[in-house]
Amino acid sequence: DYVYGIIDMHDDAEVFIEKRVHVDSVFTKDIWGTADILIYAPSMQWLYVPDYKHGSGKFVSGRDNIQTGCYAVGAYDSLNEGFVIKEIITSIIQPRIDWADELVREETKSAEYYDTVVRERINEIVSNTMVADAPLVPGEIQCQFCPIKTSCIARQQAALQTARLTLKDVRDFSTAKLPPVNELTPEYIAFVLASADILRGWLKDVERLAHEKMLGGTAIPGHKLVHTQARRQWEGDEDATAEALMFATGLPKDAVYPRKLIGITEAEKLVVNAFKMAQPDNKHAAKEAREFFAEFTTKQSSGALTVVTSDDKRPAVDT
């Protein structure tokens with residue numbers, strides 16, 4: 001809807017979907033990314049750089065966002081030849097985080113700002129990685145696609161420090177004693193929570209690597225591959241099985257083969273598609289479909305409490 005709104009506002013809008021953009025840097029030509037969508041309005045000399053986020057738990061700010069900033073600089077460099085760009089509107093679209101004040105968070109700045117200030121910031125980040133003793137800063141996001149994350153010593157040490165262990169190698173872990181949980185201070189609990197994703201991510205990567213190596217024939221001491229536990233499942237035609245159960249129990253069909261509504265997400269897609277088929281204006285069709293659908297759904301918290309970081313926009317519970 002947000003994208004359709006932009007296109008409707010500019011009759012001359014030029015749209016680029018999944019556009020690969022490159023950032024011109026004094027240090028390397030290897031800075032690139034794929035923007036979800038770019039929209040250029042020639043008459044206004046505006047460039048829109050929206051980025052879609054599917055997450056519903058982690059709030060992504062639209063202010064000074066370095067990712068959309070990189071896309072903006074890359075789009076400016078990639079499109080600048082033949083395109084006059086004066087203003088760049090970046091935005092984070094995060095529709096599933098519906099507890100936030102705004103589902104779309106826009107920021108408008110001059111193209112000159114991105115060409116100078118943001119480009120300088122990008123160059124500074126890149127230059128910091130190129131020095132001989134560049135510090136290794138492990139984390140869930142930056143380690144996600146790293147090809148040596150399972151063997152990275154810095155990542156191992158970050159994982160071990162989470163448990164308050166000053167070890168040089170993960171192989172010393174078995175002789176170490178973990179601190180008693182009930183003796184941890186609030187400050188150290190905060191440290192562990194902040195580092196937990198690194199530890200969990202590293203352990204998952206090690207388990208995945210072990211599985212791959214054992215599938216390839218490599219022996220892992222003290223471990224073996226086995227078939228997962230077998231679970232019972234129905235065999236044959238479900239309707240025939242339901243008839244047999246009805247005969248055996250004397251119960252009606254709904255008791256052994258209950259019908260239920262499809263999931264809300266699946267139903268919403270069907271409703272939106274039906275409304276769009278009924279009228280050509282996709283933007284208004286989607287809006288009307290949501291209004292229709294809202295009459296049949298409600299949203300209630302389970303009442304359970306969960307721990308999140310302080311930048312989460314939901315109000316804290318007074319316990």
# chains A, B, ... in the order shown; residues from 1 in each chain; ligands from 1
>>> select_by_dssp(residues="stretch 48-225 of chain A", states="helix (DSSP H, G or I)", output="VMD selection string")
chain A and resid 66 to 79 111 to 130 140 to 143 153 to 162 170 to 175 181 to 183 186 to 215
>>> residues_around(residues="A:Glu207", least_positions_apart="6", cutoff="12 Å", atoms="only C-alpha atoms", output="number ranges by chain")
A: 150, 200-201, 213-214, 220, 223, 225
>>> write_last_selection(atoms="N, CA and C atoms", output="PDB file, in the first residue's frame")
ATOM      1  N   THR A 150      32.293 -20.553  12.238  1.00  0.00           N
ATOM      2  CA  THR A 150      32.392 -21.699  13.142  1.00  0.00           C
ATOM      3  C   THR A 150      33.790 -21.881  13.705  1.00  0.00           C
ATOM      4  N   ARG A 200      24.152 -18.604  21.563  1.00  0.00           N
ATOM      5  CA  ARG A 200      23.199 -19.511  20.932  1.00  0.00           C
ATOM      6  C   ARG A 200      23.526 -19.723  19.456  1.00  0.00           C
ATOM      7  N   GLY A 201      23.859 -18.622  18.781  1.00  0.00           N
ATOM      8  CA  GLY A 201      24.178 -18.730  17.364  1.00  0.00           C
ATOM      9  C   GLY A 201      25.407 -19.581  17.110  1.00  0.00           C
ATOM     10  N   LYS A 213      29.508 -32.763   8.851  1.00  0.00           N
ATOM     11  CA  LYS A 213      30.733 -33.572   8.802  1.00  0.00           C
ATOM     12  C   LYS A 213      30.431 -35.053   8.989  1.00  0.00           C
ATOM     13  N   MET A 214      29.512 -35.373   9.902  1.00  0.00           N
ATOM     14  CA  MET A 214      29.184 -36.781  10.134  1.00  0.00           C
ATOM     15  C   MET A 214      28.448 -37.383   8.949  1.00  0.00           C
ATOM     16  N   ILE A 220      32.971 -37.781  14.854  1.00  0.00           N
ATOM     17  CA  ILE A 220      33.041 -36.786  15.922  1.00  0.00           C
ATOM     18  C   ILE A 220      33.094 -37.561  17.235  1.00  0.00           C
ATOM     19  N   HIS A 223      30.076 -38.959  19.736  1.00  0.00           N
ATOM     20  CA  HIS A 223      28.778 -38.673  19.128  1.00  0.00           C
ATOM     21  C   HIS A 223      28.543 -39.596  17.937  1.00  0.00           C
ATOM     22  N   LEU A 225      25.422 -40.486  14.544  1.00  0.00           N
ATOM     23  CA  LEU A 225      24.202 -40.155  13.823  1.00  0.00           C
ATOM     24  C   LEU A 225      23.194 -41.282  13.996  1.00  0.00           C
TER      25      LEU A 225
END
>>> residues_around(residues="stretch 50-55 of chain A", least_positions_apart="3", cutoff="8 Å", atoms="only C-alpha atoms", output="list in words")
Ala35, Asp36, Ile37, Leu38, Lys58, Phe59, Val60, Thr68, Ile89, Thr90, Ser91, Ile92, Ile93, Gln94, Pro95, Arg96 and Ile97 of chain A
>>> select_by_dssp(residues="stretch 67-211 of chain A", states="strand (DSSP E)", output="list in words")
Glu87, Ile88, Ile89, Thr90, Ser91, Ile92, Ile93, Val104, Arg105, Glu106, Glu107, Thr108, Lys109 and Ser110 of chain A
>>> residues_around(residues="stretch 7-9 of chain A", least_positions_apart="6", cutoff="10 Å", atoms="only C-alpha atoms", output="MDAnalysis selection string")
chainID A and resid 1 15 39:41 283
>>> write_last_selection(atoms="N, CA and C atoms", output="compact mmCIF listing (two decimals), in the first residue's frame")
# COMPACT_ATOMS: atom_id res chain seq x y z
N ASP A 1 0.83 -1.21 0.00
CA ASP A 1 0.00 0.00 0.00
C ASP A 1 0.87 1.26 0.00
N VAL A 15 10.08 2.72 -11.44
CA VAL A 15 10.21 1.75 -10.36
C VAL A 15 11.28 0.71 -10.70
N ILE A 39 12.18 3.93 -6.13
CA ILE A 39 11.19 4.66 -6.92
C ILE A 39 11.74 6.06 -7.17
N TYR A 40 11.88 6.42 -8.45
CA TYR A 40 12.41 7.73 -8.82
C TYR A 40 11.31 8.57 -9.45
N ALA A 41 11.14 9.78 -8.94
CA ALA A 41 10.14 10.72 -9.46
C ALA A 41 10.87 11.84 -10.19
N LYS A 283 -4.69 -0.44 -4.56
CA LYS A 283 -4.44 0.25 -3.30
C LYS A 283 -5.71 0.28 -2.45
>>> residues_around(residues="A:Tyr76", least_positions_apart="4", cutoff="9 Å", atoms="only C-alpha atoms", output="PyMOL selection string")
chain A and resi 21+23+47+71-72+80-81+83+85+88+111+114-115
>>> write_last_selection(atoms="C-alpha atoms", output="compact mmCIF listing (two decimals), in the first residue's frame")
# COMPACT_ATOMS: atom_id res chain seq x y z
CA VAL A 21 23.35 -1.05 -6.15
CA VAL A 23 28.68 2.24 -3.44
CA LEU A 47 14.36 9.11 -4.95
CA TYR A 71 21.15 1.65 -0.15
CA ALA A 72 20.58 5.39 -0.64
CA ASN A 80 23.17 9.20 -10.84
CA GLU A 81 24.24 8.98 -14.46
CA PHE A 83 19.20 10.94 -13.14
CA ILE A 85 18.41 13.51 -7.61
CA ILE A 88 16.19 10.96 -0.98
CA ALA A 111 21.00 13.82 -1.84
CA TYR A 114 23.96 11.07 1.55
CA ASP A 115 26.72 11.90 -0.94
>>> atom_distance(atom1="atom CA of A:Lys109", atom2="atom CA of A:Ser61")
15.6 Å
>>> atom_distance(atom1="atom CA of A:Val117", atom2="atom CA of A:Asp311")
25.2 Å
>>> atom_distance(atom1="atom CA of A:Ile262", atom2="atom CA of A:Thr297")
12.9 Å
>>> closest_residue(among="A:Tyr113, A:Phe296, A:Trp234, A:Phe27", to="A:Val271", atoms="only C-alpha atoms")
A:Phe296
>>> closest_residue(among="A:Gly139, A:Pro42, A:Gly236, A:Pro147", to="A:Ala194", atoms="only C-alpha atoms")
A:Gly139
>>> residues_around(residues="A:His211", least_positions_apart="5", cutoff="12 Å", atoms="only C-alpha atoms", output="PDB file with all heavy atoms, in the first residue's frame")
ATOM      1  N   LYS A 204      24.566 -23.309  17.673  1.00  0.00           N
ATOM      2  CA  LYS A 204      23.785 -23.842  16.561  1.00  0.00           C
ATOM      3  C   LYS A 204      24.670 -24.108  15.350  1.00  0.00           C
ATOM      4  O   LYS A 204      24.516 -25.112  14.648  1.00  0.00           O
ATOM      5  CB  LYS A 204      22.666 -22.871  16.190  1.00  0.00           C
ATOM      6  CG  LYS A 204      21.519 -22.847  17.186  1.00  0.00           C
ATOM      7  CD  LYS A 204      20.447 -21.862  16.744  1.00  0.00           C
ATOM      8  CE  LYS A 204      19.298 -21.811  17.746  1.00  0.00           C
ATOM      9  NZ  LYS A 204      18.267 -20.816  17.345  1.00  0.00           N
ATOM     10  N   ASP A 205      25.622 -23.191  15.103  1.00  0.00           N
ATOM     11  CA  ASP A 205      26.519 -23.372  13.962  1.00  0.00           C
ATOM     12  C   ASP A 205      27.413 -24.596  14.158  1.00  0.00           C
ATOM     13  O   ASP A 205      27.691 -25.332  13.210  1.00  0.00           O
ATOM     14  CB  ASP A 205      27.386 -22.124  13.764  1.00  0.00           C
ATOM     15  CG  ASP A 205      26.586 -20.948  13.228  1.00  0.00           C
ATOM     16  OD1 ASP A 205      25.542 -21.193  12.603  1.00  0.00           O
ATOM     17  OD2 ASP A 205      27.006 -19.796  13.454  1.00  0.00           O
ATOM     18  N   VAL A 206      27.879 -24.813  15.396  1.00  0.00           N
ATOM     19  CA  VAL A 206      28.714 -25.981  15.679  1.00  0.00           C
ATOM     20  C   VAL A 206      27.905 -27.266  15.485  1.00  0.00           C
ATOM     21  O   VAL A 206      28.393 -28.248  14.898  1.00  0.00           O
ATOM     22  CB  VAL A 206      29.291 -25.906  17.107  1.00  0.00           C
ATOM     23  CG1 VAL A 206      29.986 -27.214  17.477  1.00  0.00           C
ATOM     24  CG2 VAL A 206      30.283 -24.753  17.224  1.00  0.00           C
ATOM     25  N   GLY A 216      29.150 -36.627   6.004  1.00  0.00           N
ATOM     26  CA  GLY A 216      30.228 -36.843   5.044  1.00  0.00           C
ATOM     27  C   GLY A 216      31.201 -37.926   5.453  1.00  0.00           C
ATOM     28  O   GLY A 216      32.179 -38.173   4.744  1.00  0.00           O
ATOM     29  N   GLY A 217      30.962 -38.553   6.620  1.00  0.00           N
ATOM     30  CA  GLY A 217      31.817 -39.665   7.036  1.00  0.00           C
ATOM     31  C   GLY A 217      32.845 -39.322   8.088  1.00  0.00           C
ATOM     32  O   GLY A 217      33.620 -40.189   8.507  1.00  0.00           O
ATOM     33  N   THR A 218      32.899 -38.068   8.543  1.00  0.00           N
ATOM     34  CA  THR A 218      33.869 -37.686   9.570  1.00  0.00           C
ATOM     35  C   THR A 218      33.348 -38.096  10.940  1.00  0.00           C
ATOM     36  O   THR A 218      32.197 -37.808  11.294  1.00  0.00           O
ATOM     37  CB  THR A 218      34.104 -36.168   9.561  1.00  0.00           C
ATOM     38  OG1 THR A 218      34.585 -35.788   8.275  1.00  0.00           O
ATOM     39  CG2 THR A 218      35.114 -35.759  10.623  1.00  0.00           C
ATOM     40  N   ALA A 219      34.189 -38.782  11.723  1.00  0.00           N
ATOM     41  CA  ALA A 219      33.805 -39.205  13.071  1.00  0.00           C
ATOM     42  C   ALA A 219      33.976 -38.040  14.042  1.00  0.00           C
ATOM     43  O   ALA A 219      35.014 -37.376  14.048  1.00  0.00           O
ATOM     44  CB  ALA A 219      34.651 -40.392  13.509  1.00  0.00           C
ATOM     45  N   ILE A 220      32.971 -37.781  14.854  1.00  0.00           N
ATOM     46  CA  ILE A 220      33.041 -36.786  15.922  1.00  0.00           C
ATOM     47  C   ILE A 220      33.094 -37.561  17.235  1.00  0.00           C
ATOM     48  O   ILE A 220      32.120 -38.242  17.589  1.00  0.00           O
ATOM     49  CB  ILE A 220      31.815 -35.848  15.903  1.00  0.00           C
ATOM     50  CG1 ILE A 220      31.671 -35.164  14.540  1.00  0.00           C
ATOM     51  CG2 ILE A 220      31.902 -34.814  17.019  1.00  0.00           C
ATOM     52  CD1 ILE A 220      32.784 -34.213  14.185  1.00  0.00           C
ATOM     53  N   HIS A 223      30.076 -38.959  19.736  1.00  0.00           N
ATOM     54  CA  HIS A 223      28.778 -38.673  19.128  1.00  0.00           C
ATOM     55  C   HIS A 223      28.543 -39.596  17.937  1.00  0.00           C
ATOM     56  O   HIS A 223      29.484 -40.164  17.364  1.00  0.00           O
ATOM     57  CB  HIS A 223      28.698 -37.204  18.676  1.00  0.00           C
ATOM     58  CG  HIS A 223      28.754 -36.230  19.805  1.00  0.00           C
ATOM     59  ND1 HIS A 223      29.939 -35.889  20.428  1.00  0.00           N
ATOM     60  CD2 HIS A 223      27.778 -35.542  20.441  1.00  0.00           C
ATOM     61  CE1 HIS A 223      29.693 -35.022  21.399  1.00  0.00           C
ATOM     62  NE2 HIS A 223      28.384 -34.790  21.425  1.00  0.00           N
ATOM     63  N   LYS A 224      27.278 -39.779  17.564  1.00  0.00           N
ATOM     64  CA  LYS A 224      26.923 -40.618  16.429  1.00  0.00           C
ATOM     65  C   LYS A 224      25.645 -40.101  15.790  1.00  0.00           C
ATOM     66  O   LYS A 224      24.876 -39.357  16.397  1.00  0.00           O
ATOM     67  CB  LYS A 224      26.729 -42.064  16.875  1.00  0.00           C
ATOM     68  CG  LYS A 224      25.596 -42.245  17.881  1.00  0.00           C
ATOM     69  CD  LYS A 224      25.488 -43.702  18.340  1.00  0.00           C
ATOM     70  CE  LYS A 224      24.357 -43.861  19.365  1.00  0.00           C
ATOM     71  NZ  LYS A 224      24.249 -45.254  19.831  1.00  0.00           N
ATOM     72  N   LEU A 225      25.422 -40.486  14.544  1.00  0.00           N
ATOM     73  CA  LEU A 225      24.202 -40.155  13.823  1.00  0.00           C
ATOM     74  C   LEU A 225      23.194 -41.282  13.996  1.00  0.00           C
ATOM     75  O   LEU A 225      23.543 -42.455  13.858  1.00  0.00           O
ATOM     76  CB  LEU A 225      24.485 -39.969  12.325  1.00  0.00           C
ATOM     77  CG  LEU A 225      25.039 -38.627  11.836  1.00  0.00           C
ATOM     78  CD1 LEU A 225      25.261 -38.696  10.339  1.00  0.00           C
ATOM     79  CD2 LEU A 225      24.111 -37.475  12.183  1.00  0.00           C
ATOM     80  N   VAL A 226      21.951 -40.943  14.293  1.00  0.00           N
ATOM     81  CA  VAL A 226      20.884 -41.936  14.394  1.00  0.00           C
ATOM     82  C   VAL A 226      19.657 -41.391  13.687  1.00  0.00           C
ATOM     83  O   VAL A 226      19.569 -40.200  13.394  1.00  0.00           O
ATOM     84  CB  VAL A 226      20.536 -42.252  15.877  1.00  0.00           C
ATOM     85  CG1 VAL A 226      21.735 -42.852  16.592  1.00  0.00           C
ATOM     86  CG2 VAL A 226      20.030 -41.015  16.599  1.00  0.00           C
TER      87      VAL A 226
END
